[in-house]
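A.B. asks: I am attaching a structure below and will ask some questions about it afterwards.
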Amino acid sequence: MEKWNQTSNDFILLGLFLPNQTGWLLLLLIILIFFLASVGNSAMIYLICLDPRLHTPMYFLLSQLSLMDLMYLSTTVPKMVFNFLSGQKGISYLGCGVQSFFFLTMACSEGLLLASMAYDRYVAICHPLYYCICMSKRMCMKMIMGSWILGSLNSLAHTVYALHIPYCQSRAIDHFFCDVPAMLPLACMDTWVYEYMVFVSTSLFLLLPFLGITASYGRVLFAVYHMRSKDGRKKAFTTCSTHLTVVTFYYAPFVYTYLRPRNLRSPAEDKILAVFYTILTPMLNPIIYSLRNKEVLGAMTRMFGKFSFTK
């Protein structure tokens with residue numbers, strides 16, 4: 001392991017790949033995924049903002065999901081790529097705090113937003129007559145603002161605590177970003193109280209929303225099963241199954257990572273699981289949630305049609 005000046009407040013990020021041929025190939029794959037995810041999510045935000053037909057609660061929530069995914073990617077991937085290409089592994093004390101804050105904010109906020117999206121689909125399919133009342137613009141804004149505010153407050157509490165822990169061992173974080181659980185082994189104090197806080201926070205912001213999403217889609221699938229229209233049943237079932245796939249991709253690695261005791265964790269396994277919810281899921285979200293949707297594809301056709309007509 002590289003030597004590190006113990007008088008410095010900075011940290012070392014050991015990264016995700018080794019600097020060999022396999023590492024370079026995997027890095028190129030990560031860069032490609034980053035590019036595709038950035039284009040896909042940016043296109044979703046652009047379409048939803050410009051097309052009046054997409055100005056509905058469902059697509060309003062989707063635009064926020066795309067925004068969160070863009071911030072998710074920007075928080076972790078650029079620093080990882082820069083460190084790999086430059087051969088440097090350092091990250092400043094302040095930079096680590098900022099990265100941790102935004103990562104935790106996106107993690108908690110996106111979990112709550114996905115629960116809001118599941119509730120939106122539940123009301124639309126199971127109680128369509130009350131949809132305009134239950135999912136009004138005001139209620140939609142409350143859900144969005146609540147997701148951002150609660151996620152930010154929870155993240156701020158964790159980040160402030162993590163930055164005030166006395167680190168007396170090596171400052172080398174065995175991860176590709178400043179993940180608080182990966183920083184705890186470096187502390188020279190007993191952190192069992194904070195680990196309990198992580199357990200409670202994960203249960204409130206990830207486990208409970210996941211259970212709520214599962215219950216909502218369970219009711220939706222039950223209602224879909226009793227539909228008379230085969231086409232409607234097939235469309236609703238396809239939508240719900242793909243949504244549940246993305247939700248599982250996002251929640252399962254998170255819950256598995258943060259609810260395990262420290263003695264059952266391994267840094268290599270945590271890094272692999274982190275790739276799912278920090279890199280792969282932001283790429284899959286615009287594809288599964290949006291680009292397979294006929295209304296979104298119609299908006300893309302109209303938008304490209306306008307561009308070709310103006311030329």
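Every chain in the structure tokens takes a letter, A first, then B, and so on in the order presented; its residues are numbered from 1, and the ligands are numbered from 1 following the presented order.
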Give me, as a list in words, all polymer residues having an atom no more than 10 Å from Phe102 (chain A), counting only C-alpha atoms and skipping those fewer than 3 positions away in the same chain.
C.D. replies: Met68, Met71, Tyr72, Ser74, Thr75, Thr76, Gly97, Val98, Gln99, Thr105, Met106, Ala107, Gly151, Ser152, Ser155, Leu156 and Thr159 of chain A
A.B. asks: Within 10 Å of Ile33 (chain A), counting only C-alpha atoms, which residues show up once you throw out same-chain ones fewer than 4 positions away? Write them as a PyMOL selection string, please.
C.D. replies: chain A and resi 27-29+37-39+73+279-280+282-284
A.B. asks: Save out the residues we just selected, N, CA, C and O atoms, as a JSON list (two decimals), in the first residue's frame.
C.D. replies:
```json
[["chain", "number", "residue", "atom", "x", "y", "z"],
["A", 27, "LEU", "N", -12.41, 0.36, -17.46],
["A", 27, "LEU", "CA", -12.58, 1.81, -17.37],
["A", 27, "LEU", "C", -13.25, 2.36, -18.61],
["A", 27, "LEU", "O", -14.14, 3.22, -18.53],
["A", 28, "LEU", "N", -12.85, 1.87, -19.79],
["A", 28, "LEU", "CA", -13.49, 2.30, -21.04],
["A", 28, "LEU", "C", -14.97, 1.93, -21.04],
["A", 28, "LEU", "O", -15.81, 2.70, -21.53],
["A", 29, "LEU", "N", -15.29, 0.77, -20.48],
["A", 29, "LEU", "CA", -16.70, 0.37, -20.38],
["A", 29, "LEU", "C", -17.47, 1.31, -19.45],
["A", 29, "LEU", "O", -18.60, 1.70, -19.77],
["A", 37, "ALA", "N", -25.62, 6.95, -20.16],
["A", 37, "ALA", "CA", -26.53, 7.35, -19.09],
["A", 37, "ALA", "C", -26.74, 8.86, -19.08],
["A", 37, "ALA", "O", -27.86, 9.34, -18.87],
["A", 38, "SER", "N", -25.67, 9.62, -19.33],
["A", 38, "SER", "CA", -25.78, 11.09, -19.34],
["A", 38, "SER", "C", -26.66, 11.56, -20.49],
["A", 38, "SER", "O", -27.54, 12.42, -20.31],
["A", 39, "VAL", "N", -26.46, 10.97, -21.67],
["A", 39, "VAL", "CA", -27.27, 11.35, -22.83],
["A", 39, "VAL", "C", -28.72, 10.95, -22.62],
["A", 39, "VAL", "O", -29.65, 11.73, -22.89],
["A", 73, "LEU", "N", -24.25, 10.14, -11.16],
["A", 73, "LEU", "CA", -23.10, 9.82, -12.00],
["A", 73, "LEU", "C", -21.98, 10.85, -11.83],
["A", 73, "LEU", "O", -20.80, 10.50, -11.74],
["A", 279, "ILE", "N", -23.80, 3.36, -11.09],
["A", 279, "ILE", "CA", -23.45, 3.45, -12.51],
["A", 279, "ILE", "C", -24.46, 2.75, -13.41],
["A", 279, "ILE", "O", -24.97, 3.35, -14.37],
["A", 280, "LEU", "N", -24.78, 1.48, -13.11],
["A", 280, "LEU", "CA", -25.65, 0.71, -14.01],
["A", 280, "LEU", "C", -27.10, 1.19, -13.94],
["A", 280, "LEU", "O", -27.75, 1.36, -14.98],
["A", 282, "PRO", "N", -28.46, 4.18, -13.13],
["A", 282, "PRO", "CA", -28.72, 5.43, -13.86],
["A", 282, "PRO", "C", -28.75, 5.26, -15.38],
["A", 282, "PRO", "O", -29.41, 6.04, -16.07],
["A", 283, "MET", "N", -28.06, 4.23, -15.91],
["A", 283, "MET", "CA", -28.12, 3.98, -17.35],
["A", 283, "MET", "C", -29.42, 3.26, -17.71],
["A", 283, "MET", "O", -30.03, 3.53, -18.75],
["A", 284, "LEU", "N", -29.86, 2.33, -16.85],
["A", 284, "LEU", "CA", -31.05, 1.55, -17.15],
["A", 284, "LEU", "C", -32.34, 2.34, -16.97],
["A", 284, "LEU", "O", -33.34, 2.08, -17.64]]
```
A.B. asks: Using only C-alpha atoms, determine which residues lie at most 12 Å from Ile144 (chain A), disregarding the query and same-chain residues fewer than 5 positions distant; provide the list as an NGL selection string.
C.D. replies: :A and (57-58 or 60-65 or 67-68 or 109-117 or 135 or 137-139 or 149-151)
A.B. asks: Can you write out the residues you just picked, keeping C-alpha atoms, as a CSV table (one decimal), in the first residue's frame?
C.D. replies:
```csv
chain,number,residue,atom,x,y,z
A,57,PRO,CA,-47.3,13.9,-12.6
A,58,MET,CA,-45.8,10.6,-13.8
A,60,PHE,CA,-42.7,15.1,-13.8
A,61,LEU,CA,-41.5,12.5,-11.4
A,62,LEU,CA,-39.5,10.8,-14.2
A,63,SER,CA,-37.7,14.1,-14.9
A,64,GLN,CA,-36.6,14.4,-11.3
A,65,LEU,CA,-35.4,10.8,-11.4
A,67,LEU,CA,-31.9,14.7,-12.7
A,68,MET,CA,-31.0,12.6,-9.7
A,109,SER,CA,-33.9,11.1,-2.3
A,110,GLU,CA,-34.0,8.6,-5.2
A,111,GLY,CA,-35.3,5.9,-2.9
A,112,LEU,CA,-38.2,8.2,-1.7
A,113,LEU,CA,-38.9,9.3,-5.3
A,114,LEU,CA,-39.1,5.7,-6.5
A,115,ALA,CA,-41.7,5.1,-3.8
A,116,SER,CA,-43.6,8.2,-5.0
A,117,MET,CA,-43.6,6.8,-8.6
A,135,MET,CA,-51.9,13.1,-7.7
A,137,LYS,CA,-49.7,19.1,-9.3
A,138,ARG,CA,-49.5,20.4,-5.7
A,139,MET,CA,-49.2,16.8,-4.3
A,149,ILE,CA,-35.3,17.9,1.6
A,150,LEU,CA,-35.5,14.7,3.6
A,151,GLY,CA,-32.6,13.2,1.6
```
A.B. asks: Would you mind listing what lies within 8 Å of region 295-301 of chain A as a list of chain:residue names, with only C-alpha atoms counted and same-chain residues fewer than 5 positions away left out?
C.D. replies: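 Final neighbour list, sorted by chain and number: A:Leu47, A:Asp51, A:Arg53, A:Leu54, A:Ser290.
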A.B. asks: I need the residues of region 11-207 of chain A that end up classed as strand (DSSP E or B) by DSSP on the backbone, written out as a list in words.
C.D. replies: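 The strand (DSSP E or B) residues within region 11-207 of chain A come out as Phe11, Ile12, Leu13, Gly90, Ile91, Tyr167, Ala172, Ile173 and Ala187 of chain A.
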A.B. asks: From the options A:Val246, A:Ala162, A:Leu221, A:Ala157, which residue's atoms come nearest to Pro286 (chain A), counting only C-alpha atoms?
C.D. replies: A:Val246
A.B. asks: Per DSSP on the backbone, what are the helix (DSSP H, G or I) residues of region 1-238 of chain A, as number ranges by chain?
C.D. replies: A: 21-50, 52-54, 57-86, 93-126, 128-134, 137-163, 180-186, 192-225, 230-238
A.B. asks: Show which residues sit within 9 Å of Ser203 (chain A), as number ranges by chain. Count only C-alpha atoms, and ignore same-chain residues fewer than 5 positions away.
C.D. replies: A: 198, 208-209, 255, 259
A.B. asks: Could those selected residues go to a file with C-alpha atoms, as a PDB file, in the first residue's frame?
C.D. replies:
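Written out: selection.pdb:
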```pdb
ATOM      1  CA  VAL A 198     -26.774   3.754   9.523  1.00  0.00           C
ATOM      2  CA  LEU A 208     -39.475   0.847   4.195  1.00  0.00           C
ATOM      3  CA  PRO A 209     -39.892   2.552   0.765  1.00  0.00           C
ATOM      4  CA  VAL A 255     -30.053  -2.744   1.496  1.00  0.00           C
ATOM      5  CA  LEU A 259     -27.786  -3.518   6.639  1.00  0.00           C
TER       6      LEU A 259
END
```
A.B. asks: Considering only C-alpha atoms, can you say which of A:Val200, A:Ile287, A:Cys126, A:Ala182 comes closest to His226 (chain A)?
C.D. replies: A:Cys126
A.B. asks: Give me, as number ranges by chain, all polymer residues having an atom no more than 8 Å from region 167-180 of chain A, counting only C-alpha atoms and skipping those fewer than 4 positions away in the same chain.
C.D. replies: A: 4, 6, 10-16, 76, 79-80, 96-97, 99-100, 158-159, 162, 184, 186-188, 267, 271
